[in-house]
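Trainee: File entry.cif follows (mmCIF, C-alpha atoms):
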data_input
loop_
_atom_site.label_atom_id
_atom_site.label_comp_id
_atom_site.auth_asym_id
_atom_site.auth_seq_id
_atom_site.Cartn_x
_atom_site.Cartn_y
_atom_site.Cartn_z
CA MET A 1 85.77 95.89 94.11
CA ARG A 2 89.20 97.11 95.24
CA ASP A 3 91.73 94.47 96.22
CA GLU A 4 93.22 94.35 99.70
CA VAL A 5 96.70 95.60 98.75
CA SER A 6 97.61 99.25 99.31
CA HIS A 7 99.22 100.87 96.29
CA ILE A 8 102.02 103.24 97.27
CA LEU A 9 103.75 105.71 94.95
CA VAL A 10 107.26 106.70 96.04
CA ILE A 11 108.85 109.76 94.40
CA GLU A 12 112.48 109.73 95.57
CA ASP A 13 115.60 110.60 93.58
CA ASP A 14 118.05 108.69 95.78
CA ARG A 15 117.83 105.16 94.38
CA SER A 16 119.18 103.54 97.56
CA VAL A 17 116.54 105.29 99.70
CA GLY A 18 113.86 104.34 97.17
CA LYS A 19 114.97 100.71 97.33
CA VAL A 20 114.87 100.65 101.15
CA VAL A 21 111.35 102.09 101.09
CA GLN A 22 110.23 99.69 98.36
CA VAL A 23 111.59 96.60 100.13
CA SER A 24 110.33 97.64 103.57
CA LEU A 25 106.82 98.40 102.35
CA GLY A 26 106.80 95.36 100.07
CA LEU A 27 107.65 93.07 102.99
CA ALA A 28 104.75 94.67 104.87
CA GLY A 29 102.37 93.70 102.07
CA HIS A 30 102.11 96.94 100.09
CA GLU A 31 102.53 97.25 96.33
CA VAL A 32 105.15 99.94 95.70
CA HIS A 33 105.98 101.91 92.56
CA VAL A 34 109.13 104.09 92.70
CA VAL A 35 109.99 106.96 90.36
CA THR A 36 113.08 109.16 90.65
CA ASP A 37 112.22 112.62 89.27
CA ALA A 38 109.47 115.23 89.33
CA VAL A 39 108.32 114.71 85.74
CA SER A 40 107.86 110.95 86.20
CA GLY A 41 106.29 111.63 89.58
CA GLU A 42 103.68 113.97 88.13
CA MET A 43 102.84 111.49 85.36
CA ALA A 44 102.46 108.69 87.93
CA MET A 45 100.31 110.88 90.21
CA ARG A 46 97.96 111.62 87.31
CA GLU A 47 97.19 107.90 87.17
CA ASP A 48 94.50 107.34 89.75
CA GLY A 49 94.79 104.35 92.04
CA HIS A 50 97.47 105.24 94.57
CA ASP A 51 96.42 104.89 98.18
CA LEU A 52 99.36 106.96 99.43
CA VAL A 53 102.28 108.99 98.06
CA ILE A 54 105.72 109.20 99.66
CA LEU A 55 107.38 112.33 98.36
CA ASP A 56 110.89 113.76 98.60
CA ILE A 57 111.23 117.56 98.53
CA ASN A 58 114.37 117.89 96.39
CA LEU A 59 113.90 116.19 93.02
CA PRO A 60 115.42 116.52 89.57
CA GLY A 61 113.06 118.53 87.35
CA GLY A 62 111.05 120.13 90.15
CA THR A 63 110.25 119.98 93.83
CA GLY A 64 108.12 117.78 96.00
CA LEU A 65 106.18 120.85 97.09
CA GLU A 66 105.26 121.56 93.46
CA LEU A 67 104.07 117.96 93.11
CA LEU A 68 102.11 118.25 96.35
CA ARG A 69 100.40 121.39 95.01
CA CYS A 70 99.65 119.58 91.74
CA LEU A 71 98.08 116.66 93.60
CA ARG A 72 95.97 118.86 95.87
CA GLU A 73 95.02 121.76 93.58
CA ASP A 74 95.35 120.63 89.95
CA LEU A 75 94.16 117.06 90.45
CA GLY A 76 91.95 117.77 93.48
CA ARG A 77 92.99 114.57 95.22
CA ARG A 78 93.07 113.99 98.95
CA THR A 79 95.43 111.02 98.67
CA PRO A 80 97.54 110.88 101.84
CA VAL A 81 101.07 112.22 101.34
CA ILE A 82 104.07 111.52 103.54
CA MET A 83 107.00 113.81 102.87
CA LEU A 84 110.35 112.01 103.18
CA SER A 85 113.11 114.57 103.22
CA GLY A 86 116.55 115.43 104.45
CA GLN A 87 115.28 118.94 105.18
CA LYS A 88 114.89 119.09 108.95
CA GLN A 89 114.29 122.81 109.32
CA GLU A 90 111.04 123.72 111.00
CA ASP A 91 110.12 126.08 108.14
CA SER A 92 110.36 123.23 105.59
CA ILE A 93 108.26 120.91 107.70
CA VAL A 94 105.62 123.53 108.46
CA ARG A 95 105.44 124.63 104.80
CA ALA A 96 104.90 121.04 103.62
CA LEU A 97 102.16 120.46 106.20
CA GLU A 98 100.49 123.78 105.34
CA TRP A 99 100.53 122.85 101.64
CA GLY A 100 98.65 119.64 102.37
CA ALA A 101 101.13 116.95 103.42
CA ASN A 102 99.64 114.54 105.95
CA ASP A 103 102.93 113.58 107.57
CA TYR A 104 106.65 114.40 107.41
CA VAL A 105 109.55 112.02 108.01
CA THR A 106 113.16 113.23 108.05
CA LYS A 107 116.16 111.34 106.71
CA PRO A 108 117.83 109.31 107.98
CA PHE A 109 114.69 107.42 108.91
CA SER A 110 113.67 104.13 110.45
CA PRO A 111 112.09 101.84 107.83
CA ARG A 112 109.98 100.25 110.56
CA GLU A 113 108.64 103.65 111.62
CA LEU A 114 107.89 104.56 108.01
CA VAL A 115 105.91 101.31 107.57
CA ALA A 116 103.92 102.14 110.71
CA ARG A 117 103.15 105.63 109.40
CA VAL A 118 102.11 104.24 106.00
CA ASN A 119 99.87 101.69 107.72
CA ARG A 120 98.27 104.49 109.72
CA TRP A 121 97.31 106.37 106.56
CA THR A 122 96.28 103.34 104.48
CA ARG A 123 93.85 101.79 106.96
CA GLY A 124 90.93 103.35 105.11
CA SER A 125 92.02 101.75 101.83
CA GLY A 126 91.16 98.30 103.13
CA HIS A 127 94.63 97.07 103.99
CA VAL A 128 96.61 97.16 107.18
CA ALA A 129 100.03 95.54 106.97
CA GLN A 130 102.04 94.19 109.85
CA VAL A 131 105.10 96.11 111.01
CA ARG A 132 108.07 93.73 111.02
#
Just give me the structure as structure tokens.
Mentor:
Amino acid sequence: MRDEVSHILVIEDDRSVGKVVQVSLGLAGHEVHVVTDAVSGEMAMREDGHDLVILDINLPGGTGLELLRCLREDLGRRTPVIMLSGQKQEDSIVRALEWGANDYVTKPFSPRELVARVNRWTRGSGHVAQVR
């Protein structure tokens, strides 16, 4: 039986952004694992058990869109993905959504809003955290 905690994978190269996401989601009751490059991100994605992935577009060693394609096509997983990116251009947002992202949040972002969006996508995993 699956426990009540949502397991979130964050793939973000900016360590300060990753820490804000980790602390915010941790305070909301999620278990968060942060990696900082595309290679580590792909290895972590290959481990089943994540209820949601938060994914930056620009990463050392690859792109978030390549990782999104890997998750959807190579691994065949429907795990919810929230893109978290500084790219605010409509083309970037549309491309990510067309490639299978479930949501897109631009930087700078509100940690409280991000928690609410994560909660929205993790409800089916058995855990709904409070937004603080």
Trainee: Any idea what's packed within 10 Å of Leu65 (chain A), counting only C-alpha atoms, ignoring anything in its chain fewer than 3 positions away? Could you give it as a ChimeraX atom specification?
Mentor: /A:55-59,62,68-71,83,92,95-97,99-101
Trainee: Using all atoms listed in the file, determine which residues lie at most 9 Å from Thr36 (chain A), disregarding the query and same-chain residues fewer than 6 positions distant; provide the list as number ranges by chain.
Mentor: A: 10-15, 18, 59-60
Trainee: What would the file look like if the residues just selected were written as a tab-separated table (two decimals), keeping the file's coordinate frame with C-alpha atoms?
Mentor:
chain	number	residue	atom	x	y	z
A	10	VAL	CA	107.26	106.70	96.04
A	11	ILE	CA	108.85	109.76	94.40
A	12	GLU	CA	112.48	109.73	95.57
A	13	ASP	CA	115.60	110.60	93.58
A	14	ASP	CA	118.05	108.69	95.78
A	15	ARG	CA	117.83	105.16	94.38
A	18	GLY	CA	113.86	104.34	97.17
A	59	LEU	CA	113.90	116.19	93.02
A	60	PRO	CA	115.42	116.52	89.57
Trainee: Could you please determine the separation between CA of Thr63 (chain A) and CA of Ser6 (chain A) in Å, to one decimal place?
Mentor: 24.9 Å
Trainee: Gln89 (chain A): which residues within 12 Å, counting all atoms listed in the file, same-chain residues fewer than 5 positions away excluded, as an MDAnalysis selection string?
Mentor: chainID A and resid 94:96 104:107
Trainee: Using only C-alpha atoms for the distances, tell me which of A:Gly41, A:Arg46, A:Lys88, A:Val53 is nearest to Gly76 (chain A).
Mentor: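 Answer, going by the shortest atom-to-atom distance: A:Arg46.
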Trainee: Could you jot down the CA of Ala44 (chain A) to CA of Arg123 (chain A) separation for me, Å, one decimal place?
Mentor: 22.0 Å
Trainee: Work out how far apart CA of Leu52 (chain A) and CA of Ala28 (chain A) are and give it in Å to one decimal.
Mentor: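 For CA of Leu52 (chain A) relative to CA of Ala28 (chain A), the distance reads 14.5 Å.
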Trainee: Just so the selection is clear, what residues does the PyMOL selection byres ((chain A and resi 32) around 9) cover here, as a PDB file with C-alpha atoms, keeping the file's coordinate frame?
Mentor:
ATOM      1  CA  SER A   6      97.610  99.250  99.310  1.00  0.00           C
ATOM      2  CA  HIS A   7      99.220 100.870  96.290  1.00  0.00           C
ATOM      3  CA  ILE A   8     102.020 103.240  97.270  1.00  0.00           C
ATOM      4  CA  LEU A   9     103.750 105.710  94.950  1.00  0.00           C
ATOM      5  CA  VAL A  10     107.260 106.700  96.040  1.00  0.00           C
ATOM      6  CA  VAL A  21     111.350 102.090 101.090  1.00  0.00           C
ATOM      7  CA  GLN A  22     110.230  99.690  98.360  1.00  0.00           C
ATOM      8  CA  VAL A  23     111.590  96.600 100.130  1.00  0.00           C
ATOM      9  CA  LEU A  25     106.820  98.400 102.350  1.00  0.00           C
ATOM     10  CA  GLY A  26     106.800  95.360 100.070  1.00  0.00           C
ATOM     11  CA  HIS A  30     102.110  96.940 100.090  1.00  0.00           C
ATOM     12  CA  GLU A  31     102.530  97.250  96.330  1.00  0.00           C
ATOM     13  CA  HIS A  33     105.980 101.910  92.560  1.00  0.00           C
ATOM     14  CA  VAL A  34     109.130 104.090  92.700  1.00  0.00           C
TER      15      VAL A  34
END
Trainee: Can you list what the PyMOL selection byres ((chain A and resi 114) around 10) grabs from this structure, as a compact mmCIF listing (two decimals) with C-alpha atoms, keeping the file's coordinate frame?
Mentor:
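What landed in part-v8.txt:
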# COMPACT_ATOMS: atom_id res chain seq x y z
CA VAL A 21 111.35 102.09 101.09
CA SER A 24 110.33 97.64 103.57
CA LEU A 25 106.82 98.40 102.35
CA ILE A 54 105.72 109.20 99.66
CA ILE A 82 104.07 111.52 103.54
CA LEU A 84 110.35 112.01 103.18
CA TYR A 104 106.65 114.40 107.41
CA VAL A 105 109.55 112.02 108.01
CA PHE A 109 114.69 107.42 108.91
CA SER A 110 113.67 104.13 110.45
CA PRO A 111 112.09 101.84 107.83
CA ARG A 112 109.98 100.25 110.56
CA GLU A 113 108.64 103.65 111.62
CA VAL A 115 105.91 101.31 107.57
CA ALA A 116 103.92 102.14 110.71
CA ARG A 117 103.15 105.63 109.40
CA VAL A 118 102.11 104.24 106.00
CA ASN A 119 99.87 101.69 107.72
CA ARG A 120 98.27 104.49 109.72
CA VAL A 131 105.10 96.11 111.01
Trainee: Rebuild region 71-92 of chain A to N, CA and C atoms - output it as a PDB file, in the frame of the given file, please.
Mentor:
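To be explicit, this is the file written out as rebuild-v6.pdb:
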ATOM      1  N   LEU A  71      98.987 117.697  93.111  1.00  0.00           N
ATOM      2  CA  LEU A  71      98.080 116.660  93.600  1.00  0.00           C
ATOM      3  C   LEU A  71      96.849 117.268  94.259  1.00  0.00           C
ATOM      4  N   ARG A  72      97.068 118.265  95.109  1.00  0.00           N
ATOM      5  CA  ARG A  72      95.970 118.860  95.870  1.00  0.00           C
ATOM      6  C   ARG A  72      95.116 119.811  95.029  1.00  0.00           C
ATOM      7  N   GLU A  73      95.765 120.721  94.289  1.00  0.00           N
ATOM      8  CA  GLU A  73      95.020 121.760  93.580  1.00  0.00           C
ATOM      9  C   GLU A  73      94.646 121.349  92.160  1.00  0.00           C
ATOM     10  N   ASP A  74      95.625 120.942  91.352  1.00  0.00           N
ATOM     11  CA  ASP A  74      95.350 120.630  89.950  1.00  0.00           C
ATOM     12  C   ASP A  74      94.507 119.362  89.817  1.00  0.00           C
ATOM     13  N   LEU A  75      94.861 118.332  90.565  1.00  0.00           N
ATOM     14  CA  LEU A  75      94.160 117.060  90.450  1.00  0.00           C
ATOM     15  C   LEU A  75      93.016 116.930  91.462  1.00  0.00           C
ATOM     16  N   GLY A  76      93.014 117.782  92.492  1.00  0.00           N
ATOM     17  CA  GLY A  76      91.950 117.770  93.480  1.00  0.00           C
ATOM     18  C   GLY A  76      91.861 116.488  94.292  1.00  0.00           C
ATOM     19  N   ARG A  77      92.994 115.843  94.492  1.00  0.00           N
ATOM     20  CA  ARG A  77      92.990 114.570  95.220  1.00  0.00           C
ATOM     21  C   ARG A  77      93.385 114.766  96.671  1.00  0.00           C
ATOM     22  N   ARG A  78      92.779 113.957  97.517  1.00  0.00           N
ATOM     23  CA  ARG A  78      93.070 113.990  98.950  1.00  0.00           C
ATOM     24  C   ARG A  78      93.914 112.783  99.359  1.00  0.00           C
ATOM     25  N   THR A  79      94.565 112.160  98.403  1.00  0.00           N
ATOM     26  CA  THR A  79      95.430 111.020  98.670  1.00  0.00           C
ATOM     27  C   THR A  79      96.425 111.398  99.772  1.00  0.00           C
ATOM     28  N   PRO A  80      96.567 110.562 100.800  1.00  0.00           N
ATOM     29  CA  PRO A  80      97.540 110.880 101.840  1.00  0.00           C
ATOM     30  C   PRO A  80      98.959 110.992 101.274  1.00  0.00           C
ATOM     31  N   VAL A  81      99.694 111.976 101.767  1.00  0.00           N
ATOM     32  CA  VAL A  81     101.070 112.220 101.340  1.00  0.00           C
ATOM     33  C   VAL A  81     101.969 112.265 102.564  1.00  0.00           C
ATOM     34  N   ILE A  82     103.022 111.462 102.522  1.00  0.00           N
ATOM     35  CA  ILE A  82     104.070 111.520 103.540  1.00  0.00           C
ATOM     36  C   ILE A  82     105.304 112.099 102.873  1.00  0.00           C
ATOM     37  N   MET A  83     105.749 113.232 103.363  1.00  0.00           N
ATOM     38  CA  MET A  83     107.000 113.810 102.870  1.00  0.00           C
ATOM     39  C   MET A  83     108.144 113.052 103.511  1.00  0.00           C
ATOM     40  N   LEU A  84     109.150 112.702 102.705  1.00  0.00           N
ATOM     41  CA  LEU A  84     110.350 112.010 103.180  1.00  0.00           C
ATOM     42  C   LEU A  84     111.523 112.836 102.713  1.00  0.00           C
ATOM     43  N   SER A  85     112.141 113.573 103.634  1.00  0.00           N
ATOM     44  CA  SER A  85     113.110 114.570 103.220  1.00  0.00           C
ATOM     45  C   SER A  85     114.276 114.699 104.185  1.00  0.00           C
ATOM     46  N   GLY A  86     115.392 115.113 103.642  1.00  0.00           N
ATOM     47  CA  GLY A  86     116.550 115.430 104.450  1.00  0.00           C
ATOM     48  C   GLY A  86     116.450 116.815 105.070  1.00  0.00           C
ATOM     49  N   GLN A  87     115.458 117.591 104.640  1.00  0.00           N
ATOM     50  CA  GLN A  87     115.280 118.940 105.180  1.00  0.00           C
ATOM     51  C   GLN A  87     114.604 118.837 106.542  1.00  0.00           C
ATOM     52  N   LYS A  88     115.365 119.212 107.566  1.00  0.00           N
ATOM     53  CA  LYS A  88     114.890 119.090 108.950  1.00  0.00           C
ATOM     54  C   LYS A  88     114.484 120.419 109.563  1.00  0.00           C
ATOM     55  N   GLN A  89     114.613 121.498 108.786  1.00  0.00           N
ATOM     56  CA  GLN A  89     114.290 122.810 109.320  1.00  0.00           C
ATOM     57  C   GLN A  89     112.788 122.923 109.552  1.00  0.00           C
ATOM     58  N   GLU A  90     112.443 123.548 110.647  1.00  0.00           N
ATOM     59  CA  GLU A  90     111.040 123.720 111.000  1.00  0.00           C
ATOM     60  C   GLU A  90     110.245 124.370 109.880  1.00  0.00           C
ATOM     61  N   ASP A  91     110.826 125.392 109.220  1.00  0.00           N
ATOM     62  CA  ASP A  91     110.120 126.080 108.140  1.00  0.00           C
ATOM     63  C   ASP A  91     109.741 125.125 107.013  1.00  0.00           C
ATOM     64  N   SER A  92     110.647 124.209 106.654  1.00  0.00           N
ATOM     65  CA  SER A  92     110.360 123.230 105.590  1.00  0.00           C
ATOM     66  C   SER A  92     109.239 122.296 105.986  1.00  0.00           C
TER      67      SER A  92
END
